[in-house]
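Dropping upload.tsv in here (TSV, C-alpha atoms and all ligand atoms):
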```
chain	number	residue	atom	x	y	z
A	1	MET	CA	97.72	-88.47	83.34
A	2	ALA	CA	99.29	-91.90	83.77
A	3	GLU	CA	102.90	-92.23	82.64
A	4	ASN	CA	103.81	-94.38	79.64
A	5	THR	CA	105.34	-97.76	80.39
A	6	LEU	CA	108.65	-98.63	78.78
A	7	ARG	CA	108.76	-102.36	78.13
A	8	HIS	CA	110.75	-102.47	74.93
A	9	LEU	CA	113.60	-100.07	74.17
A	10	ALA	CA	115.40	-100.20	70.83
A	11	ILE	CA	118.58	-98.32	69.96
A	12	ILE	CA	120.44	-97.51	66.75
A	13	MET	CA	123.97	-97.31	68.12
A	14	ASP	CA	125.49	-94.84	65.68
A	15	GLY	CA	128.52	-92.54	65.58
A	16	ASN	CA	131.40	-94.86	66.51
A	17	GLY	CA	133.39	-93.95	63.40
A	18	ARG	CA	133.00	-90.18	63.82
A	19	TRP	CA	133.81	-90.45	67.52
A	20	ALA	CA	137.13	-92.10	66.63
A	21	LYS	CA	137.88	-89.76	63.71
A	22	GLU	CA	137.47	-86.69	65.91
A	23	ARG	CA	140.13	-88.14	68.20
A	24	GLY	CA	142.50	-88.96	65.38
A	25	LEU	CA	141.89	-92.67	65.91
A	26	ARG	CA	140.98	-95.51	63.56
A	27	ARG	CA	137.24	-96.22	63.16
A	28	THR	CA	137.77	-99.61	64.80
A	29	LYS	CA	138.72	-97.82	68.04
A	30	GLY	CA	135.28	-96.23	67.99
A	31	HIS	CA	133.62	-99.64	67.75
A	32	GLU	CA	135.76	-100.87	70.61
A	33	ALA	CA	134.80	-97.85	72.75
A	34	GLY	CA	131.14	-98.44	71.86
A	35	ILE	CA	131.22	-101.83	73.58
A	36	GLU	CA	131.54	-100.14	76.97
A	37	THR	CA	128.36	-98.14	76.23
A	38	VAL	CA	126.55	-101.37	75.28
A	39	ARG	CA	127.51	-102.77	78.68
A	40	LYS	CA	126.39	-99.72	80.66
A	41	VAL	CA	123.10	-99.34	78.78
A	42	THR	CA	122.35	-103.07	79.12
A	43	GLU	CA	122.98	-102.95	82.88
A	44	PHE	CA	120.76	-99.88	83.19
A	45	CYS	CA	117.95	-101.73	81.40
A	46	ALA	CA	118.41	-104.87	83.51
A	47	GLU	CA	118.14	-102.79	86.68
A	48	ASP	CA	115.04	-100.93	85.49
A	49	PRO	CA	111.99	-102.83	86.74
A	50	GLU	CA	109.87	-101.91	83.70
A	51	ILE	CA	112.16	-102.67	80.79
A	52	GLU	CA	111.76	-106.25	79.54
A	53	THR	CA	113.50	-106.07	76.17
A	54	LEU	CA	116.45	-104.09	74.79
A	55	THR	CA	117.07	-104.38	71.05
A	56	LEU	CA	120.39	-103.04	69.80
A	57	TYR	CA	121.17	-102.49	66.11
A	58	ALA	CA	124.70	-103.82	65.78
A	59	PHE	CA	125.08	-104.68	62.06
A	60	SER	CA	122.71	-103.94	59.20
A	61	THR	CA	122.17	-105.86	55.96
A	62	GLU	CA	123.80	-102.81	54.31
A	63	ASN	CA	126.87	-102.71	56.54
A	64	TRP	CA	128.57	-105.36	54.32
A	65	LYS	CA	129.27	-102.43	51.96
A	66	ARG	CA	131.99	-101.21	54.35
A	67	PRO	CA	135.67	-101.99	53.75
A	68	LYS	CA	136.45	-105.66	54.40
A	69	MET	CA	138.86	-104.73	57.16
A	70	GLU	CA	136.13	-102.91	59.11
A	71	VAL	CA	133.60	-105.70	58.56
A	72	ASP	CA	136.13	-108.32	59.70
A	73	TYR	CA	136.92	-106.25	62.76
A	74	LEU	CA	133.23	-105.87	63.65
A	75	MET	CA	132.72	-109.65	63.35
A	76	HIS	CA	135.72	-110.29	65.58
A	77	LEU	CA	134.51	-107.72	68.12
A	78	LEU	CA	131.01	-109.17	68.16
A	79	GLU	CA	132.21	-112.71	68.78
A	80	LYS	CA	134.51	-111.51	71.56
A	81	TYR	CA	131.84	-109.32	73.18
A	82	ILE	CA	129.24	-112.09	73.29
A	83	ARG	CA	131.75	-114.62	74.65
A	84	VAL	CA	133.27	-112.32	77.28
A	85	GLU	CA	129.81	-111.15	78.33
A	86	GLN	CA	128.54	-114.60	79.34
A	87	PRO	CA	129.26	-114.23	83.10
A	88	ARG	CA	127.66	-110.79	83.11
A	89	TYR	CA	124.52	-112.12	81.38
A	90	MET	CA	124.29	-114.65	84.20
A	91	GLU	CA	125.05	-112.11	86.94
A	92	TYR	CA	122.40	-109.68	85.72
A	93	ASP	CA	119.88	-112.43	84.78
A	94	ILE	CA	119.88	-111.36	81.11
A	95	ARG	CA	118.72	-113.54	78.27
A	96	PHE	CA	120.71	-113.13	75.04
A	97	GLU	CA	118.89	-113.27	71.69
A	98	THR	CA	119.49	-112.18	68.10
A	99	ILE	CA	117.42	-111.06	65.14
A	100	GLY	CA	118.52	-110.93	61.52
A	101	ASP	CA	119.69	-113.40	58.93
A	102	MET	CA	122.47	-115.37	60.60
A	103	SER	CA	123.32	-117.46	57.52
A	104	PRO	CA	126.44	-115.52	56.36
A	105	PHE	CA	128.22	-115.54	59.72
A	106	SER	CA	131.31	-117.63	60.48
A	107	SER	CA	130.88	-120.93	62.29
A	108	LYS	CA	132.85	-119.50	65.22
A	109	LEU	CA	130.47	-116.57	65.66
A	110	LEU	CA	127.44	-118.84	65.19
A	111	ARG	CA	128.75	-121.26	67.78
A	112	THR	CA	129.34	-118.50	70.35
A	113	MET	CA	125.86	-117.10	69.73
A	114	GLU	CA	124.17	-120.50	70.07
A	115	GLU	CA	126.16	-121.30	73.20
A	116	THR	CA	125.23	-117.96	74.79
A	117	LYS	CA	121.56	-118.32	73.87
A	118	ALA	CA	121.49	-121.79	75.42
A	119	LEU	CA	123.33	-120.63	78.55
A	120	THR	CA	121.04	-117.66	79.15
A	121	ARG	CA	117.73	-119.25	78.07
A	122	GLY	CA	116.34	-119.35	81.62
A	123	ASN	CA	117.25	-115.74	82.49
A	124	SER	CA	114.30	-113.41	82.88
A	125	ARG	CA	115.19	-109.93	84.12
A	126	LEU	CA	115.92	-108.56	80.65
A	127	THR	CA	116.17	-109.89	77.11
A	128	GLN	CA	118.98	-108.26	75.17
A	129	ILE	CA	118.43	-108.71	71.44
A	130	LEU	CA	121.29	-107.94	69.07
A	131	ALA	CA	120.17	-107.11	65.53
A	132	LEU	CA	122.85	-108.69	63.33
A	133	ASN	CA	122.84	-108.73	59.55
A	134	TYR	CA	119.44	-107.26	60.22
A	135	GLY	CA	117.27	-105.33	57.75
A	136	GLY	CA	113.63	-104.47	58.35
A	137	ARG	CA	112.70	-105.19	54.73
A	138	ASP	CA	114.59	-108.48	54.77
A	139	GLU	CA	112.81	-109.51	57.97
A	140	ILE	CA	109.36	-108.75	56.50
A	141	VAL	CA	110.14	-110.57	53.25
A	142	ARG	CA	111.36	-113.65	55.14
A	143	ALA	CA	108.27	-113.53	57.39
A	144	VAL	CA	105.88	-113.41	54.42
A	145	ARG	CA	107.74	-116.28	52.78
A	146	HIS	CA	107.61	-118.41	55.95
A	147	CYS	CA	103.94	-117.58	56.36
A	148	LEU	CA	103.12	-118.80	52.84
A	149	GLU	CA	105.30	-121.91	53.26
A	150	ALA	CA	103.31	-122.75	56.40
A	151	GLY	CA	100.09	-122.39	54.39
A	152	GLU	CA	98.99	-119.39	56.46
A	153	ILE	CA	97.42	-116.15	55.29
A	154	PRO	CA	99.99	-113.33	55.32
A	155	ASP	CA	97.76	-110.89	57.23
A	156	GLU	CA	99.00	-108.74	60.14
A	157	ALA	CA	98.81	-111.55	62.67
A	158	GLY	CA	100.28	-114.10	60.25
A	159	ILE	CA	103.26	-111.96	59.26
A	160	GLY	CA	103.71	-110.90	62.89
A	161	ARG	CA	104.00	-114.54	63.97
A	162	HIS	CA	106.82	-115.19	61.50
A	163	LEU	CA	108.96	-112.15	62.25
A	164	ASP	CA	112.32	-112.76	63.90
A	165	THR	CA	110.93	-111.51	67.19
A	166	PRO	CA	107.44	-112.89	67.55
A	167	TYR	CA	105.92	-109.44	67.13
A	168	ILE	CA	107.05	-107.27	70.02
A	169	ASP	CA	106.10	-103.62	69.62
A	170	VAL	CA	108.81	-101.15	70.50
A	171	ASP	CA	107.83	-98.38	72.93
A	172	LEU	CA	110.84	-96.12	72.45
A	173	MET	CA	113.54	-96.01	69.78
A	174	ILE	CA	116.67	-93.93	70.27
A	175	ARG	CA	119.25	-93.10	67.61
A	176	THR	CA	122.56	-91.54	68.60
A	177	SER	CA	124.98	-89.43	66.52
A	178	GLY	CA	122.57	-86.84	65.12
A	179	GLU	CA	121.27	-88.84	62.15
A	180	GLN	CA	117.48	-88.79	61.95
A	181	ARG	CA	116.60	-91.85	59.91
A	182	LEU	CA	115.74	-95.50	60.47
A	183	SER	CA	118.36	-97.11	58.22
A	184	ASN	CA	116.17	-100.20	57.74
A	185	PHE	CA	115.75	-100.89	61.48
A	186	LEU	CA	112.59	-102.66	62.76
A	187	LEU	CA	110.32	-101.20	60.07
A	188	TRP	CA	107.36	-103.33	61.13
A	189	GLN	CA	107.78	-103.01	64.90
A	190	LEU	CA	108.24	-99.22	64.91
A	191	SER	CA	104.79	-98.30	63.55
A	192	TYR	CA	103.68	-96.56	66.77
A	193	THR	CA	107.01	-96.21	68.51
A	194	GLU	CA	108.07	-92.94	70.11
A	195	LEU	CA	111.32	-91.73	68.55
A	196	ALA	CA	114.21	-89.88	70.19
A	197	PHE	CA	117.33	-88.55	68.51
A	198	THR	CA	120.45	-87.26	70.20
A	199	ASP	CA	123.61	-85.72	68.74
A	200	THR	CA	125.79	-87.69	71.15
A	201	TYR	CA	128.04	-90.28	69.49
A	202	TRP	CA	127.42	-93.81	70.76
A	203	PRO	CA	130.73	-94.14	72.70
A	204	ASP	CA	129.87	-90.92	74.62
A	205	PHE	CA	126.25	-91.89	75.29
A	206	ASP	CA	125.65	-92.61	78.98
A	207	VAL	CA	122.95	-93.63	81.43
A	208	VAL	CA	122.39	-90.03	82.59
A	209	GLU	CA	121.30	-89.08	79.08
A	210	LEU	CA	119.37	-92.33	78.71
A	211	ARG	CA	117.50	-91.61	81.97
A	212	SER	CA	116.52	-88.16	80.72
A	213	ILE	CA	115.30	-89.52	77.35
A	214	VAL	CA	113.28	-92.21	79.17
A	215	ASP	CA	111.76	-89.61	81.53
A	216	ASP	CA	110.75	-87.48	78.54
A	217	PHE	CA	109.20	-90.55	76.87
A	218	LYS	CA	107.12	-91.27	79.96
A	219	ARG	CA	105.45	-87.87	79.72
A	220	ARG	CA	104.55	-88.10	76.02
A	221	GLN	CA	100.99	-88.45	74.81
A	222	ARG	CA	100.53	-91.68	72.84
A	223	ASN	CA	97.34	-91.85	70.78
A	224	TYR	CA	97.65	-94.86	68.44
A	225	GLY	CA	95.29	-93.10	66.06
A	226	GLY	CA	92.70	-92.41	68.73
A	227	ILE	CA	92.02	-89.15	70.52
B	301	LIG	C1	127.64	-97.45	64.23
B	301	LIG	O1	128.67	-96.55	64.08
B	301	LIG	C2	128.13	-98.87	64.34
B	301	LIG	C3	127.85	-99.71	63.18
B	301	LIG	C4	127.16	-99.39	62.13
B	301	LIG	C5	128.37	-101.05	63.23
B	301	LIG	P1	129.21	-96.15	62.64
B	301	LIG	O2	130.33	-97.07	62.30
B	301	LIG	O3	128.12	-96.09	61.66
B	301	LIG	O4	129.80	-94.70	62.92
B	301	LIG	P2	129.67	-93.44	61.97
B	301	LIG	O5	128.22	-93.25	61.67
B	301	LIG	O6	130.47	-93.75	60.75
B	301	LIG	O7	130.23	-92.32	62.77
B	302	LIG	C1	122.81	-98.05	61.12
B	302	LIG	O1	123.89	-97.22	61.10
B	302	LIG	C2	123.26	-99.46	61.41
B	302	LIG	C3	123.76	-99.69	62.76
B	302	LIG	C4	123.86	-98.83	63.73
B	302	LIG	C5	124.16	-101.05	63.01
B	302	LIG	P1	124.63	-96.82	59.73
B	302	LIG	O2	125.72	-95.89	60.12
B	302	LIG	O3	125.00	-98.04	58.99
B	302	LIG	O4	123.47	-96.06	58.93
B	302	LIG	P2	123.56	-95.04	57.70
B	302	LIG	O5	124.29	-95.73	56.61
B	302	LIG	O6	124.28	-93.82	58.19
B	302	LIG	O7	122.13	-94.73	57.37
B	303	MG	MG	126.85	-94.62	61.05
```
Will you turn the file into structure tokens for me?
Ligand code: IPE
Ligand code: IPE
Ligand code: MG
Amino acid sequence: MAENTLRHLAIIMDGNGRWAKERGLRRTKGHEAGIETVRKVTEFCAEDPEIETLTLYAFSTENWKRPKMEVDYLMHLLEKYIRVEQPRYMEYDIRFETIGDMSPFSSKLLRTMEETKALTRGNSRLTQILALNYGGRDEIVRAVRHCLEAGEIPDEAGIGRHLDTPYIDVDLMIRTSGEQRLSNFLLWQLSYTELAFTDTYWPDFDVVELRSIVDDFKRRQRNYGGI
């Protein structure tokens, strides 16, 4: 049997807060430690000849419910990560993209994101998509609205065209930290995605475990409703 191809990998990076708490640290330290995992996983994906897209859930439409101090810290960390990462995006030939509703973000964060998107536009080895202020329901609602505004029929193809990512199916979705739920991530794109859950907290997740999850994915039987 032929192995499955992994073109699009999506990850719910979860468990930063518990990782920090178990070490007697502030939750923000967990987010900081998680950045290193983002780097390692992104490099792994860039070096893998099959993987074209890596979508990382970084901030959900529901994460605004967290204490202001944590939200502010996450915004600061995001801006810094994207800015500091620019040379690495160029070195690894990675294109930077985002999905989600960007409207509430600060002008500083928006500027850094736009600058990084423009800088990396021509890169082609991997597209790293950060899901920011992202909610699957919000994305579908916005897509239907845009579809109607454009005078198009909101059928599968029509809605698909107006999603934040022009309809890229996800082959494999991984969630770390032991939670087994989607938390409003890519509801449309995950319809036939293979799912993998690990108890490892995001800051402890590494490429050895990622490799083994990917190898397991390759051996799975995907039917898409057929036999
Ligand atoms: C995931 O880690 C990162 C974000 C949601 C930004 P959490 O912050 O949810 O960590 P836990 O789940 O509380 O351990
Ligand atoms: C999902 O994690 C969002 C991100 C990883 C960005 P949460 O930690 O916010 O999800 P719930 O609240 O446990 O479902
Ligand atoms: Mg969590």
**Message:** So that I can see what lies close to Leu6 of chain A, please list as an NGL selection string the residues with an atom at most 8 Å from it, counting only C-alpha atoms and leaving out residues fewer than 3 positions away in the same chain.
**Reply:** :A and (9 or 50-51 or 171-172 or 214 or 218)
**Who sits within 8 Å of segment 179-189 of chain A, only C-alpha atoms, same chain under 3 positions skipped, as a PyMOL selection string** = chain A and resi 12+57+60+134-137+140+167-170+175-176+192-193+197+199
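Around ligand MG 303 (chain B), using all atoms listed in the file and a cut-off of 8 Å, the residues in contact are Asp14, Gly15, Asn16, Gly17 and Ser177 of chain A.
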**Asked** So how far away is atom CA of Ile129 of chain A from atom CA of Met69 of chain A, in Å?
**Response** 25.2 Å
**Asked** So which residues touch segment 118-124 of chain A within 10 Å, counting only C-alpha atoms, skipping near sequence neighbours fewer than 6 positions away, as a PyMOL selection string?
**Response** chain A and resi 46+52-53+86-87+89-97+112
**Prompt:** So which residues are close to (119.0, -106.4, 78.8), meaning at most 6 Å away in the file's coordinates with all atoms listed in the file counted, and can you show them as JSON, numbers by chain?
**Reply:** {"A": [42, 45, 46, 54, 94, 126, 127, 128]}
**Asked** Hey, which of A:Phe44, A:Tyr201, A:Tyr224, A:Phe59 ends up closest to ligand LIG 302 (chain B)? Count only C-alpha atoms and all ligand atoms.
**Response**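 Looking at the shortest contact to ligand LIG 302 (chain B), the residue is A:Phe59.
Shortest separation to ligand LIG 301 (chain B) among A:Glu85, A:Asp204, A:Glu139, A:Asp216 occurs at residue A:Asp204, atoms counted being only C-alpha atoms and all ligand atoms.
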**Prompt:** Which distance in Å separates atom P1 of ligand LIG 302 (chain B) and atom CA of Arg220 of chain A, to one decimal?
**Reply:**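 Computed distance, atom P1 of ligand LIG 302 (chain B) to atom CA of Arg220 of chain A, equals 27.3 Å.
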**Prompt:** Quick one, how far is atom CA of Arg18 of chain A from atom CA of Asp138 of chain A?
**Reply:**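 These two atoms are separated by 27.5 Å.
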**Request:** Return the single residue from A:Thr98, A:Thr198, A:Asn223, A:Asn133 that is closest to ligand LIG 302 (chain B), with distances computed using all atoms listed in the file.
**Result:**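 Looking at the shortest contact to ligand LIG 302 (chain B), the residue is A:Asn133.
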**Request:** Write out as a ChimeraX atom specification each polymer residue whose atoms come within 9 Å of Leu74 of chain A, counting only C-alpha atoms; drop sequence neighbours fewer than 2 positions from it.
**Result:** /A:28,31-32,59,69-72,76-79
**Request:** Would you mind telling me which residue in A:Gly160, A:Pro49, A:Gly24, A:Gly226 lies nearest to Arg142 of chain A when using all atoms listed in the file?
**Result:**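 The closest residue to Arg142 of chain A is A:Gly160.
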**For Pro104 of chain A: contacts at 12 Å, only C-alpha atoms, fewer than 4 positions along chain excluded, given as JSON, numbers by chain** = {"A": [61, 64, 75, 100, 108, 109, 110, 132, 133, 134]}
**Message:** Measuring between only C-alpha atoms and all ligand atoms, which one of A:Thr5, A:Trp202, A:Ile159, A:Glu22 shows the shortest distance to ligand LIG 302 (chain B)?
**Reply:**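 Distance minimum relative to ligand LIG 302 (chain B) lands on A:Trp202.
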**Request:** Pick out the closest residue to ligand LIG 301 (chain B) from this set: A:Lys40, A:Lys65, A:Lys80, A:Arg7. Count only C-alpha atoms and all ligand atoms.
**Result:**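 When distances to ligand LIG 301 (chain B) are compared using only C-alpha atoms and all ligand atoms, the smallest one comes from A:Lys65.
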Generate the missing atoms of segment 149-160 of chain A up to N, CA, C and O atoms and report them as an mmCIF file, in the frame of the given file.
```cif
data_model
loop_
_atom_site.group_PDB
_atom_site.id
_atom_site.type_symbol
_atom_site.label_atom_id
_atom_site.label_comp_id
_atom_site.auth_asym_id
_atom_site.auth_seq_id
_atom_site.Cartn_x
_atom_site.Cartn_y
_atom_site.Cartn_z
ATOM 1 N N GLU A 149 104.804 -120.524 53.198
ATOM 2 C CA GLU A 149 105.300 -121.910 53.260
ATOM 3 C C GLU A 149 104.517 -122.738 54.279
ATOM 4 O O GLU A 149 104.335 -123.935 54.113
ATOM 5 N N ALA A 150 104.073 -122.051 55.357
ATOM 6 C CA ALA A 150 103.310 -122.750 56.400
ATOM 7 C C ALA A 150 101.826 -122.839 56.032
ATOM 8 O O ALA A 150 101.010 -123.329 56.813
ATOM 9 N N GLY A 151 101.478 -122.329 54.845
ATOM 10 C CA GLY A 151 100.090 -122.390 54.390
ATOM 11 C C GLY A 151 99.187 -121.423 55.132
ATOM 12 O O GLY A 151 97.971 -121.596 55.189
ATOM 13 N N GLU A 152 99.798 -120.369 55.710
ATOM 14 C CA GLU A 152 98.990 -119.390 56.460
ATOM 15 C C GLU A 152 98.751 -118.146 55.613
ATOM 16 O O GLU A 152 99.480 -117.872 54.670
ATOM 17 N N ILE A 153 97.722 -117.393 56.013
ATOM 18 C CA ILE A 153 97.420 -116.150 55.290
ATOM 19 C C ILE A 153 98.364 -115.050 55.788
ATOM 20 O O ILE A 153 98.477 -114.840 56.992
ATOM 21 N N PRO A 154 99.048 -114.363 54.860
ATOM 22 C CA PRO A 154 99.990 -113.330 55.320
ATOM 23 C C PRO A 154 99.285 -112.032 55.710
ATOM 24 O O PRO A 154 99.520 -110.973 55.131
ATOM 25 N N ASP A 155 98.386 -112.109 56.706
ATOM 26 C CA ASP A 155 97.760 -110.890 57.230
ATOM 27 C C ASP A 155 98.626 -110.371 58.384
ATOM 28 O O ASP A 155 99.698 -110.911 58.645
ATOM 29 N N GLU A 156 98.167 -109.338 59.094
ATOM 30 C CA GLU A 156 99.000 -108.740 60.140
ATOM 31 C C GLU A 156 99.447 -109.758 61.182
ATOM 32 O O GLU A 156 100.613 -109.812 61.562
ATOM 33 N N ALA A 157 98.487 -110.560 61.639
ATOM 34 C CA ALA A 157 98.810 -111.550 62.670
ATOM 35 C C ALA A 157 99.747 -112.614 62.107
ATOM 36 O O ALA A 157 100.709 -113.026 62.764
ATOM 37 N N GLY A 158 99.480 -113.039 60.879
ATOM 38 C CA GLY A 158 100.280 -114.100 60.250
ATOM 39 C C GLY A 158 101.719 -113.653 60.047
ATOM 40 O O GLY A 158 102.663 -114.359 60.423
ATOM 41 N N ILE A 159 101.901 -112.469 59.467
ATOM 42 C CA ILE A 159 103.260 -111.960 59.260
ATOM 43 C C ILE A 159 103.927 -111.755 60.622
ATOM 44 O O ILE A 159 105.071 -112.148 60.836
ATOM 45 N N GLY A 160 103.178 -111.155 61.550
ATOM 46 C CA GLY A 160 103.710 -110.900 62.890
ATOM 47 C C GLY A 160 104.273 -112.151 63.541
ATOM 48 O O GLY A 160 105.334 -112.118 64.146
#
```
